[in-house]
Amino acid sequence: MADGTLPRVSSYPPSSPAQPTSLRQRLAGLRGPAVPPRPLDARALAALAANPGCGRRALLDGAGVDKTALASALGSPAAFGQSQFAIVRGNSFEAKVKGDGGAELLRLVHAHLAPGAEPPGAGARVPDLAAAGPEGRAARTALALREATSAKDWTLLDHPMLALEVAGSPAYLEPDAVVVHPDGRWTVVEIKSFPMIDGAADAAKVGAAARQAAVYVLALERTAGKLPGAEVGHTVLLVCPKDFSNLPTAAAVDIRRERSVTRRQLDRLTRVEELAAALPEGLSFDPATRTAEELVEAVSAVDAAYAPECLAACELAFHCRDRARSADQVTALGRSVRGELGALTTVEAALTAAAGTGCAEDPTAAALHRAARLRAEALELAAVRPPRPSSETPACPC
């Protein structure tokens with residue numbers, strides 16, 4: 001918007017009910033009245049923001065549907081997720097990093113992000129964030145942030161609760177840690193169990209961590225905007241095991257690009273109430289009360305935007321891929337292919353255009369036909385050219 005505000009993003013828990021009673025009842029009916037809503041986390045929001053055109057995921061996540069159980073009931077169970085060993089290892093490493101009142105974690109933040117500031121002492125603040133329910137914890141976190149900013153001292157918030165409104169539905173997020181600097185700056189800390197070898201970690205894993213951190217930064221920004229002297233840092237601290245040990249090391253990660261992309265994508269998401277209103281009455285995604293055929297029909301009632309990237313981020317990806325393939329959709333080949341083919345939305349239409357029997361006035365069809373012709377000529381030329389003997393040494397190109 002012109003004033004830079006986000007009409008659908010808020011980091012304070014709403015003072016009134018987040019959803020009208022009728023909408024809450026409607027969403028409860030979609031997931032099953034006896035099924036508790038599955039909360040959104042930063043990983044799910046990052047994946048949702050990466051594919052904002054998928055109404056299916058927006059509705060299912062907004063309604064709190066257990067997509068893992070739904071995928072199994074559809075006959076296409078999700079095949080990804082952390083192993084129990086990785087979870088235990090991650091929890092053990094996080095406990096080590098935060099041990100002794102977070103002294104090591106605060107030292108890493110000071111060394112990498114605020115070397116010129118007064119180093120944190122033994123009496124650094126670690127407020128108690130316990131409260132009843134996610135709304136209570138979010139309110140307690142907001143209060144702790146206010147107190148820490150006013151105190152102008154190093155403060156570690158261990159697993160704070162942040163509130164973020166996404167597509168008309170509230171989401172409660174729990175980062176590993178947020179550190180408040182003496183100058184009022186707030187830093188998001190991501191603790192991961194993958195190693196940082198010779199000061200560098202796997203680029204794909206770092207990118208995923210940066211996208212998660214961007215969601216936390218967005219959730220913090222509205223709170224900071226209401227507190228004089230508070231500022232959310234756009235450089236987060238990634239803490240990982242050093243080399244092949246269990247000793248922590250860290251690196252500063254600039255997430256300004258990820259934050260901008262995530263902010264724009266979340267703002268584009270269709271509101272959950274609009275998606276729910278378009279569905280027929282009585283439709284439900286509850287595997288306990290619906291047959292597999294009824295679930296397939298229910299899922300098909302909501303438009304999806306499948307891409308191969310979904311396989312690493314969404315529990316329903318295998319079901320959506322099967323449907324895209326059975327419908328001969330070019331989306332199964334990837335977003336880049338889909339973008340290049342323009343109005344050619346099926347594989348059959350693309351092959352027809354390549355054969356030269358498509359619409360001659362369509363520039364995409366003409367380009368495909370020319371590419372197919374050039375390929376055929378290249379294959380024909382390769383077939384008539386005698387093969388070079390294996391002992392022959394190619395001439396020097398110079």
# chains A, B, ... in the order shown; residues from 1 in each chain; ligands from 1
$ residues_around --residues "stretch 181-186 of chain A" --least-positions-apart "5" --cutoff "10 Å" --atoms "only C-alpha atoms" --output "number ranges by chain"
A: 106, 109-110, 113-114, 117-120, 145-146, 148-156, 217, 220-221, 224, 227-236
$ atom_distance --atom1 "atom CA of A:Leu283" --atom2 "atom CA of A:Ser76"
20.4 Å
$ residues_around --residues "A:Thr331" --least-positions-apart "3" --cutoff "12 Å" --atoms "only C-alpha atoms" --output "CSV table (one decimal) with all heavy atoms, in the first residue's frame"
chain,number,residue,atom,x,y,z
A,304,ALA,N,-6.0,-25.6,-6.7
A,304,ALA,CA,-4.6,-25.7,-6.3
A,304,ALA,C,-3.7,-25.1,-7.3
A,304,ALA,O,-4.1,-24.9,-8.5
A,304,ALA,CB,-4.3,-27.2,-6.1
A,305,ALA,N,-2.5,-24.9,-6.9
A,305,ALA,CA,-1.5,-24.4,-7.9
A,305,ALA,C,-0.2,-25.2,-7.7
A,305,ALA,O,0.8,-24.8,-7.0
A,305,ALA,CB,-1.2,-22.9,-7.6
A,306,TYR,N,-0.3,-26.4,-8.2
A,306,TYR,CA,0.8,-27.4,-8.0
A,306,TYR,C,2.1,-27.0,-8.8
A,306,TYR,O,2.0,-26.5,-9.9
A,306,TYR,CB,0.4,-28.8,-8.4
A,306,TYR,CG,1.5,-29.8,-8.4
A,306,TYR,CD1,2.0,-30.3,-7.2
A,306,TYR,CD2,2.2,-30.1,-9.6
A,306,TYR,CE1,3.2,-31.1,-7.2
A,306,TYR,CE2,3.3,-31.0,-9.6
A,306,TYR,CZ,3.8,-31.5,-8.4
A,306,TYR,OH,4.9,-32.3,-8.4
A,307,ALA,N,3.2,-27.2,-8.2
A,307,ALA,CA,4.5,-27.1,-8.8
A,307,ALA,C,5.4,-28.2,-8.2
A,307,ALA,O,5.2,-28.6,-7.0
A,307,ALA,CB,5.1,-25.7,-8.6
A,308,PRO,N,6.4,-28.6,-8.9
A,308,PRO,CA,7.3,-29.7,-8.3
A,308,PRO,C,7.9,-29.2,-7.0
A,308,PRO,O,8.3,-30.1,-6.2
A,308,PRO,CB,8.4,-29.8,-9.4
A,308,PRO,CG,7.6,-29.5,-10.7
A,308,PRO,CD,6.7,-28.4,-10.3
A,309,GLU,N,8.1,-27.9,-6.8
A,309,GLU,CA,8.7,-27.4,-5.5
A,309,GLU,C,7.8,-27.8,-4.3
A,309,GLU,O,8.3,-27.9,-3.2
A,309,GLU,CB,8.9,-25.9,-5.6
A,309,GLU,CG,9.9,-25.4,-6.5
A,309,GLU,CD,9.4,-25.3,-8.0
A,309,GLU,OE1,8.2,-25.7,-8.2
A,309,GLU,OE2,10.1,-24.8,-8.8
A,310,CYS,N,6.5,-28.1,-4.6
A,310,CYS,CA,5.6,-28.4,-3.5
A,310,CYS,C,6.0,-29.8,-2.8
A,310,CYS,O,5.6,-30.0,-1.7
A,310,CYS,CB,4.2,-28.5,-4.0
A,310,CYS,SG,3.5,-27.0,-4.6
A,320,CYS,N,-1.7,-33.8,-5.3
A,320,CYS,CA,-1.9,-32.7,-6.3
A,320,CYS,C,-1.1,-33.1,-7.6
A,320,CYS,O,-1.5,-32.8,-8.7
A,320,CYS,CB,-1.4,-31.4,-5.7
A,320,CYS,SG,-2.4,-30.8,-4.4
A,321,ARG,N,0.1,-33.7,-7.4
A,321,ARG,CA,0.9,-34.1,-8.6
A,321,ARG,C,0.2,-35.1,-9.4
A,321,ARG,O,0.1,-35.0,-10.7
A,321,ARG,CB,2.3,-34.6,-8.2
A,321,ARG,CG,3.2,-35.0,-9.3
A,321,ARG,CD,4.5,-35.6,-8.9
A,321,ARG,NE,4.3,-36.9,-8.2
A,321,ARG,CZ,5.3,-37.6,-7.8
A,321,ARG,NH1,6.5,-37.2,-7.9
A,321,ARG,NH2,5.0,-38.8,-7.2
A,322,ASP,N,-0.4,-36.1,-8.8
A,322,ASP,CA,-1.2,-37.1,-9.5
A,322,ASP,C,-2.3,-36.5,-10.3
A,322,ASP,O,-2.6,-36.9,-11.4
A,322,ASP,CB,-1.7,-38.2,-8.6
A,322,ASP,CG,-0.6,-39.0,-8.0
A,322,ASP,OD1,0.5,-39.0,-8.5
A,322,ASP,OD2,-0.8,-39.7,-6.9
A,323,ARG,N,-3.0,-35.6,-9.6
A,323,ARG,CA,-4.2,-34.9,-10.3
A,323,ARG,C,-3.7,-34.0,-11.5
A,323,ARG,O,-4.3,-34.0,-12.5
A,323,ARG,CB,-4.9,-34.0,-9.3
A,323,ARG,CG,-5.6,-34.8,-8.2
A,323,ARG,CD,-6.8,-35.6,-8.8
A,323,ARG,NE,-7.1,-36.7,-8.0
A,323,ARG,CZ,-8.2,-37.5,-8.2
A,323,ARG,NH1,-9.0,-37.2,-9.2
A,323,ARG,NH2,-8.4,-38.6,-7.5
A,324,ALA,N,-2.6,-33.3,-11.3
A,324,ALA,CA,-2.0,-32.5,-12.4
A,324,ALA,C,-1.6,-33.4,-13.6
A,324,ALA,O,-1.9,-33.0,-14.7
A,324,ALA,CB,-0.9,-31.7,-11.9
A,325,ARG,N,-1.0,-34.5,-13.3
A,325,ARG,CA,-0.6,-35.4,-14.4
A,325,ARG,C,-1.8,-36.0,-15.1
A,325,ARG,O,-1.8,-36.1,-16.3
A,325,ARG,CB,0.3,-36.5,-13.8
A,325,ARG,CG,1.7,-36.1,-13.4
A,325,ARG,CD,2.5,-37.2,-12.8
A,325,ARG,NE,3.9,-36.8,-12.6
A,325,ARG,CZ,4.8,-37.6,-11.9
A,325,ARG,NH1,4.4,-38.8,-11.5
A,325,ARG,NH2,6.0,-37.2,-11.8
A,326,SER,N,-2.8,-36.4,-14.3
A,326,SER,CA,-4.0,-37.1,-14.9
A,326,SER,C,-4.7,-36.0,-15.8
A,326,SER,O,-5.4,-36.4,-16.7
A,326,SER,CB,-4.9,-37.7,-13.9
A,326,SER,OG,-5.4,-36.6,-13.0
A,327,ALA,N,-4.7,-34.8,-15.4
A,327,ALA,CA,-5.3,-33.7,-16.2
A,327,ALA,C,-4.4,-33.2,-17.3
A,327,ALA,O,-4.8,-32.3,-18.0
A,327,ALA,CB,-5.7,-32.6,-15.3
A,328,ASP,N,-3.2,-33.8,-17.4
A,328,ASP,CA,-2.3,-33.4,-18.5
A,328,ASP,C,-1.8,-31.9,-18.4
A,328,ASP,O,-1.5,-31.3,-19.3
A,328,ASP,CB,-2.9,-33.6,-19.9
A,328,ASP,CG,-1.8,-33.8,-21.0
A,328,ASP,OD1,-0.8,-34.3,-20.7
A,328,ASP,OD2,-2.1,-33.4,-22.1
A,334,GLY,N,6.8,-27.8,-13.9
A,334,GLY,CA,7.5,-26.8,-13.2
A,334,GLY,C,7.0,-25.4,-13.6
A,334,GLY,O,6.4,-25.2,-14.7
A,335,ARG,N,7.2,-24.4,-12.7
A,335,ARG,CA,6.7,-23.1,-12.9
A,335,ARG,C,7.3,-22.4,-14.1
A,335,ARG,O,6.7,-21.6,-14.8
A,335,ARG,CB,6.9,-22.2,-11.7
A,335,ARG,CG,6.1,-22.7,-10.5
A,335,ARG,CD,6.1,-21.6,-9.4
A,335,ARG,NE,5.3,-22.0,-8.2
A,335,ARG,CZ,5.8,-22.5,-7.1
A,335,ARG,NH1,7.2,-22.6,-7.0
A,335,ARG,NH2,5.1,-22.8,-6.1
A,336,SER,N,8.6,-22.7,-14.3
A,336,SER,CA,9.3,-22.0,-15.4
A,336,SER,C,8.7,-22.5,-16.8
A,336,SER,O,8.5,-21.7,-17.7
A,336,SER,CB,10.8,-22.3,-15.4
A,336,SER,OG,11.1,-23.7,-15.4
A,337,VAL,N,8.5,-23.8,-16.9
A,337,VAL,CA,7.9,-24.3,-18.1
A,337,VAL,C,6.5,-23.7,-18.3
A,337,VAL,O,6.1,-23.3,-19.4
A,337,VAL,CB,7.8,-25.8,-18.1
A,337,VAL,CG1,7.1,-26.4,-19.3
A,337,VAL,CG2,9.2,-26.4,-18.0
A,338,ARG,N,5.7,-23.7,-17.2
A,338,ARG,CA,4.3,-23.2,-17.3
A,338,ARG,C,4.4,-21.7,-17.7
A,338,ARG,O,3.5,-21.3,-18.6
A,338,ARG,CB,3.7,-23.3,-15.9
A,338,ARG,CG,2.3,-22.6,-15.8
A,338,ARG,CD,1.3,-23.3,-16.7
A,338,ARG,NE,0.0,-22.6,-16.7
A,338,ARG,CZ,-0.3,-21.7,-17.6
A,338,ARG,NH1,0.6,-21.4,-18.6
A,338,ARG,NH2,-1.5,-21.2,-17.6
A,339,GLY,N,5.3,-20.9,-17.2
A,339,GLY,CA,5.4,-19.5,-17.6
A,339,GLY,C,5.8,-19.4,-19.1
A,339,GLY,O,5.3,-18.5,-19.8
A,340,GLU,N,6.7,-20.2,-19.6
A,340,GLU,CA,7.1,-20.1,-21.0
A,340,GLU,C,6.0,-20.5,-22.0
A,340,GLU,O,5.9,-20.0,-23.1
A,340,GLU,CB,8.3,-21.0,-21.2
A,340,GLU,CG,9.6,-20.5,-20.5
A,340,GLU,CD,10.2,-19.3,-21.1
A,340,GLU,OE1,9.8,-19.0,-22.3
A,340,GLU,OE2,11.0,-18.7,-20.4
A,341,LEU,N,5.1,-21.4,-21.6
A,341,LEU,CA,4.1,-21.9,-22.5
A,341,LEU,C,2.9,-21.1,-22.6
A,341,LEU,O,2.1,-21.3,-23.5
A,341,LEU,CB,3.7,-23.4,-22.1
A,341,LEU,CG,4.8,-24.4,-22.2
A,341,LEU,CD1,4.3,-25.8,-21.8
A,341,LEU,CD2,5.3,-24.5,-23.7
A,342,GLY,N,2.7,-20.1,-21.8
A,342,GLY,CA,1.6,-19.1,-21.9
A,342,GLY,C,0.3,-19.8,-21.9
A,342,GLY,O,-0.1,-20.4,-21.0
A,344,LEU,N,-0.8,-22.3,-23.5
A,344,LEU,CA,-0.8,-23.8,-23.7
A,344,LEU,C,-0.7,-24.4,-22.3
A,344,LEU,O,0.3,-24.5,-21.7
A,344,LEU,CB,0.4,-24.2,-24.5
A,344,LEU,CG,0.6,-23.5,-25.9
A,344,LEU,CD1,1.9,-23.9,-26.6
A,344,LEU,CD2,-0.6,-23.9,-26.8
A,345,THR,N,-1.9,-24.8,-21.8
A,345,THR,CA,-1.9,-25.2,-20.4
A,345,THR,C,-1.9,-26.8,-20.2
A,345,THR,O,-1.8,-27.2,-19.1
A,345,THR,CB,-3.3,-24.7,-19.8
A,345,THR,OG1,-4.4,-25.2,-20.6
A,345,THR,CG2,-3.3,-23.2,-19.7
A,346,THR,N,-1.9,-27.5,-21.3
A,346,THR,CA,-1.8,-29.0,-21.3
A,346,THR,C,-0.6,-29.4,-22.1
A,346,THR,O,-0.1,-28.8,-23.0
A,346,THR,CB,-3.0,-29.7,-21.8
A,346,THR,OG1,-3.2,-29.4,-23.2
A,346,THR,CG2,-4.3,-29.1,-21.1
A,347,VAL,N,0.0,-30.6,-21.7
A,347,VAL,CA,1.1,-31.2,-22.4
A,347,VAL,C,0.7,-31.5,-23.8
A,347,VAL,O,1.5,-31.3,-24.8
A,347,VAL,CB,1.6,-32.4,-21.7
A,347,VAL,CG1,2.7,-33.1,-22.5
A,347,VAL,CG2,2.1,-32.1,-20.3
$ select_by_dssp --residues "stretch 115-331 of chain A" --states "strand (DSSP E)" --output "PyMOL selection string"
chain A and resi 155-158+162-166+169-173+177-180+185-191+231-232+235-241+248-254
$ closest_residue --among "A:Thr270, A:Ser92, A:Thr364, A:Thr141" --to "A:Asp158" --atoms "only C-alpha atoms"
A:Thr141
$ closest_residue --among "A:Ala204, A:Gly282, A:Arg370, A:Leu351" --to "A:Gln25" --atoms "only C-alpha atoms"
A:Gly282
$ select_by_dssp --residues "stretch 61-196 of chain A" --states "alpha helix (DSSP H)" --output "PyMOL selection string"
chain A and resi 61-63+67-73+84-113+133-151
$ residues_around --residues "A:Leu266" --least-positions-apart "4" --cutoff "7 Å" --atoms "only C-alpha atoms" --output "ChimeraX atom specification"
/A:49,166,262
$ write_last_selection --atoms "C-alpha atoms" --output "tab-separated table (two decimals), in the first residue's frame"
chain	number	residue	atom	x	y	z
A	49	ALA	CA	4.09	-17.50	0.93
A	166	VAL	CA	-2.48	-14.41	7.58
A	262	THR	CA	7.34	-13.00	2.13
$ residues_around --residues "A:Ala367" --least-positions-apart "5" --cutoff "9 Å" --atoms "only C-alpha atoms" --output "mmCIF file with C-alpha atoms, in the first residue's frame"
data_model
loop_
_atom_site.group_PDB
_atom_site.id
_atom_site.type_symbol
_atom_site.label_atom_id
_atom_site.label_comp_id
_atom_site.auth_asym_id
_atom_site.auth_seq_id
_atom_site.Cartn_x
_atom_site.Cartn_y
_atom_site.Cartn_z
ATOM 1 C CA ALA A 353 1.991 -26.937 -31.255
ATOM 2 C CA ALA A 354 5.464 -28.472 -31.601
ATOM 3 C CA ASP A 362 0.124 -18.002 -31.347
ATOM 4 C CA ALA A 372 11.034 -28.948 -32.721
#
$ closest_residue --among "A:Ala355, A:Ala79, A:Leu368, A:Val215" --to "A:Leu164" --atoms "only C-alpha atoms"
A:Val215
$ atom_distance --atom1 "atom CA of A:Ala313" --atom2 "atom CA of A:Val97"
27.6 Å
$ residues_around --residues "A:Glu174" --least-positions-apart "3" --cutoff "12 Å" --atoms "only C-alpha atoms" --output "VMD selection string"
chain A and resid 39 to 43 129 134 137 to 138 141 157 to 164 171 177 to 178 188 to 190 212 to 213 215 to 217 219 to 220
$ write_last_selection --atoms "N, CA, C and O atoms" --output "short mmCIF file (atom, residue, chain, number, x, y, z; two decimals), in the first residue's frame"
data_model
loop_
_atom_site.label_atom_id
_atom_site.label_comp_id
_atom_site.auth_asym_id
_atom_site.auth_seq_id
_atom_site.Cartn_x
_atom_site.Cartn_y
_atom_site.Cartn_z
N PRO A 39 -2.07 -25.86 14.41
CA PRO A 39 -1.55 -24.49 14.33
C PRO A 39 -0.56 -24.33 13.18
O PRO A 39 0.17 -25.26 12.83
N LEU A 40 -0.55 -23.13 12.63
CA LEU A 40 0.43 -22.79 11.61
C LEU A 40 1.77 -22.49 12.27
O LEU A 40 1.82 -21.94 13.37
N ASP A 41 2.85 -22.86 11.63
CA ASP A 41 4.17 -22.48 12.11
C ASP A 41 4.89 -21.71 11.01
O ASP A 41 4.37 -21.55 9.90
N ALA A 42 6.08 -21.23 11.33
CA ALA A 42 6.80 -20.39 10.37
C ALA A 42 7.18 -21.16 9.12
O ALA A 42 7.19 -20.61 8.02
N ARG A 43 7.48 -22.46 9.27
CA ARG A 43 7.85 -23.26 8.10
C ARG A 43 6.67 -23.36 7.14
O ARG A 43 6.83 -23.24 5.92
N LEU A 129 8.09 -16.40 30.14
CA LEU A 129 7.05 -16.10 29.14
C LEU A 129 5.85 -17.03 29.27
O LEU A 129 5.02 -17.10 28.37
N PRO A 134 -2.00 -19.86 23.55
CA PRO A 134 -1.15 -19.08 22.65
C PRO A 134 -1.43 -17.58 22.70
O PRO A 134 -0.51 -16.77 22.60
N ARG A 137 0.26 -16.27 25.78
CA ARG A 137 1.71 -16.25 25.62
C ARG A 137 2.16 -15.14 24.68
O ARG A 137 3.20 -14.51 24.88
N ALA A 138 1.35 -14.87 23.64
CA ALA A 138 1.68 -13.78 22.72
C ALA A 138 1.60 -12.43 23.43
O ALA A 138 2.45 -11.55 23.23
N THR A 141 4.60 -12.16 25.70
CA THR A 141 5.80 -11.86 24.91
C THR A 141 5.86 -10.38 24.56
O THR A 141 6.91 -9.75 24.66
N LEU A 157 14.78 -13.79 25.06
CA LEU A 157 13.43 -14.34 25.10
C LEU A 157 13.50 -15.74 24.51
O LEU A 157 13.72 -15.91 23.31
N ASP A 158 13.35 -16.74 25.38
CA ASP A 158 13.46 -18.13 24.98
C ASP A 158 12.09 -18.64 24.52
O ASP A 158 11.14 -18.67 25.30
N HIS A 159 11.99 -19.01 23.25
CA HIS A 159 10.75 -19.48 22.65
C HIS A 159 9.58 -18.53 22.93
O HIS A 159 8.57 -18.90 23.52
N PRO A 160 9.71 -17.28 22.48
CA PRO A 160 8.57 -16.35 22.62
C PRO A 160 7.44 -16.76 21.68
O PRO A 160 7.64 -17.53 20.75
N MET A 161 6.26 -16.24 21.92
CA MET A 161 5.11 -16.51 21.06
C MET A 161 4.73 -15.23 20.34
O MET A 161 4.48 -14.20 20.97
N LEU A 162 4.70 -15.29 19.01
CA LEU A 162 4.38 -14.13 18.19
C LEU A 162 3.08 -14.39 17.44
O LEU A 162 2.81 -15.53 17.04
N ALA A 163 2.28 -13.35 17.27
CA ALA A 163 1.00 -13.48 16.56
C ALA A 163 1.09 -12.80 15.20
O ALA A 163 1.64 -11.70 15.08
N LEU A 164 0.57 -13.46 14.19
CA LEU A 164 0.59 -12.93 12.83
C LEU A 164 -0.72 -13.29 12.16
O LEU A 164 -1.13 -14.45 12.16
N ALA A 171 -2.27 -16.67 13.17
CA ALA A 171 -1.27 -17.72 13.31
C ALA A 171 -0.36 -17.34 14.47
O ALA A 171 0.01 -16.17 14.61
N ALA A 177 14.50 -18.13 19.50
CA ALA A 177 14.85 -17.09 20.47
C ALA A 177 14.77 -15.72 19.80
O ALA A 177 14.92 -15.59 18.58
N VAL A 178 14.54 -14.71 20.62
CA VAL A 178 14.65 -13.31 20.21
C VAL A 178 15.51 -12.61 21.26
O VAL A 178 15.27 -12.75 22.46
N VAL A 188 16.25 -11.84 15.71
CA VAL A 188 15.73 -13.21 15.66
C VAL A 188 16.91 -14.18 15.58
O VAL A 188 17.85 -13.96 14.80
N VAL A 189 16.86 -15.24 16.38
CA VAL A 189 17.91 -16.26 16.38
C VAL A 189 17.31 -17.58 15.93
O VAL A 189 16.30 -18.03 16.49
N GLU A 190 17.90 -18.18 14.90
CA GLU A 190 17.49 -19.49 14.43
C GLU A 190 18.56 -20.50 14.80
O GLU A 190 19.74 -20.34 14.43
N GLN A 212 12.15 -18.80 7.02
CA GLN A 212 11.46 -18.93 8.30
C GLN A 212 11.68 -17.69 9.16
O GLN A 212 10.73 -17.14 9.74
N ALA A 213 12.92 -17.24 9.22
CA ALA A 213 13.24 -16.08 10.03
C ALA A 213 12.51 -14.84 9.52
O ALA A 213 12.12 -13.96 10.31
N VAL A 215 9.54 -14.67 8.36
CA VAL A 215 8.18 -14.70 8.92
C VAL A 215 8.20 -14.16 10.35
O VAL A 215 7.34 -13.37 10.74
N TYR A 216 9.19 -14.56 11.14
CA TYR A 216 9.29 -14.06 12.51
C TYR A 216 9.53 -12.55 12.53
O TYR A 216 8.95 -11.83 13.35
N VAL A 217 10.36 -12.07 11.63
CA VAL A 217 10.65 -10.64 11.57
C VAL A 217 9.38 -9.85 11.25
O VAL A 217 9.10 -8.81 11.86
N ALA A 219 6.36 -10.73 11.96
CA ALA A 219 5.50 -10.77 13.13
C ALA A 219 5.97 -9.80 14.21
O ALA A 219 5.16 -9.26 14.96
N LEU A 220 7.28 -9.56 14.28
CA LEU A 220 7.81 -8.66 15.29
C LEU A 220 7.67 -7.19 14.92
O LEU A 220 7.61 -6.31 15.79
#
$ closest_residue --among "A:Ala276, A:Val261, A:Ala200, A:Ala124" --to "A:Gly29" --atoms "only C-alpha atoms"
A:Ala276
$ residues_around --residues "A:His112" --least-positions-apart "6" --cutoff "10 Å" --atoms "only C-alpha atoms" --output "ChimeraX atom specification"
/A:236-237,250-252
$ closest_residue --among "A:His319, A:Arg271, A:Arg373, A:Arg257" --to "A:Leu23" --atoms "only C-alpha atoms"
A:Arg271
$ atom_distance --atom1 "atom CA of A:Gly32" --atom2 "atom CA of A:Asp286"
5.0 Å
$ closest_residue --among "A:Ala376, A:Ala201, A:Val272, A:Leu333" --to "A:Gly62" --atoms "only C-alpha atoms"
A:Val272
